[in-house]
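Visitor: Here you go, one structure.
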Amino acid sequence: MSETDIKNLIVESATKFFSKYGFHKTTMDEIAKHIHKAKGVLYYYFKSKEELFNEVLKQELSNVKTELSKIINSGKDYLTIIKNYFLTRLKLLSTAVNYHETLKADFFEKYHFVKDVRDEFAEFEYTQLTLLFRKGNSEGRLDIKNVKSTVNMVMMLLKSIELPLYLQNKYHEYEKTIDELVTMIINSLRSYKK
């Protein structure tokens, strides 16, 4: 088994344990036992449980970014892309259990090691939405007066609904309403110029 295979095996096992039991209740011993390796093997690849959790979170958000990038590059019209982006983002993050844990105030206050991964995801989103809105504006498909401000507000809106949707487990309860909300946002961005 190659070093890459072992590292992937560790991350895969850690993903299962962190998703099921959370960061606090998962131990490096459990992860090592699950893959039939000595605990020292885990520490060879990851200096700490925090570093391992960071890698799990990074991969979880990387999968979300990959799917969102496909939507951005789909070649569809801007309003469809934006709508699909918002709906897909919320749906994918509804299943990102390790990301949910980082939304907990006590977790984030004590474990700043997740800040870089979360910031990287936020920067990705900010960049994608800015490029999309600017391009839509320049082609006359969108009517956004201040792209920077609009992107900031959209991101605040998305972040503000994460706690009830994910931590309170209400995503499925509000899925149809989310679609209506996104449609209202899209309609507000539309250019009605002839």
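We name chains A, B, ... following the order of the structure tokens; residues begin at 1 in each chain, and ligands are numbered from 1 as shown.
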Could you list, as a PyMOL selection string, every residue within 12 Å of Asn98 (chain A), counting only C-alpha atoms and ignoring same-chain residues fewer than 3 positions away?
Guide: chain A and resi 14-24+52-61+93-95+101-104+107+114+117-118+166-167
Visitor: I need the residues in region 10-140 of chain A that are alpha helix (DSSP H) according to DSSP; give them as a ChimeraX atom specification.
Guide: /A:10-25,28-34,39-45,49-72,78-94,97-103,105-110,115-138
Visitor: Report as JSON lines the residues of region 63-113 of chain A within 10 Å of region 154-159 of chain A, each with its shortest atom pair and distance in Å (one decimal), using only C-alpha atoms, ordered by chain and increasing residue number.
Guide:
{"residue": "A:Phe86", "atom": "CA", "partner": "A:Leu158", "partner_atom": "CA", "distance": 8.2}
{"residue": "A:Arg89", "atom": "CA", "partner": "A:Leu158", "partner_atom": "CA", "distance": 9.2}
{"residue": "A:Leu90", "atom": "CA", "partner": "A:Leu158", "partner_atom": "CA", "distance": 8.1}
{"residue": "A:Leu103", "atom": "CA", "partner": "A:Lys159", "partner_atom": "CA", "distance": 9.7}
Visitor: Compare A:Lys91, A:Lys37, A:Arg190, A:Lys115 by their minimum atom-to-atom distance to Ile144 (chain A), counting only C-alpha atoms, and give me the closest one.
Guide: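 Among the listed residues, the smallest separation from Ile144 (chain A) belongs to A:Arg190.
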Visitor: I'd like to know which of A:Glu67, A:Val97, A:Tyr78, A:Lys49 is closest to Tyr111 (chain A), using only C-alpha atoms.
Guide: A:Lys49
Visitor: In terms of the shortest atom-to-atom distance over only C-alpha atoms, which of A:Val182, A:Ser2, A:Ile82, A:Glu51 is closest to Asp116 (chain A)?
Guide: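 Under the stated criterion, the closest residue is A:Glu51.
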Visitor: In terms of the shortest atom-to-atom distance over only C-alpha atoms, which of A:Ile35, A:Met153, A:Ala96, A:Leu87 is closest to Glu175 (chain A)?
Guide: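 Looking only at the distances to Glu175 (chain A), the closest residue turns out to be A:Leu87.
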Visitor: So which one's closest to Pro164 (chain A), A:Lys47, A:Lys25, A:Lys135, A:His100? Using only C-alpha atoms, please.
Guide: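 Closest residue, counting only C-alpha atoms: A:His100.
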Visitor: Provide the CA of Ser191 (chain A) to CA of Gly140 (chain A) distance in Å, to one decimal place.
Guide: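 Straight-line distance from CA of Ser191 (chain A) to CA of Gly140 (chain A) works out to 6.6 Å.
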Visitor: Determine the nearest neighbour of Ile71 (chain A) from the options A:Glu162, A:Asp29, A:Leu129, A:Gly40, counting only C-alpha atoms.
Guide: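 Smallest separation from Ile71 (chain A) among the options: A:Leu129.
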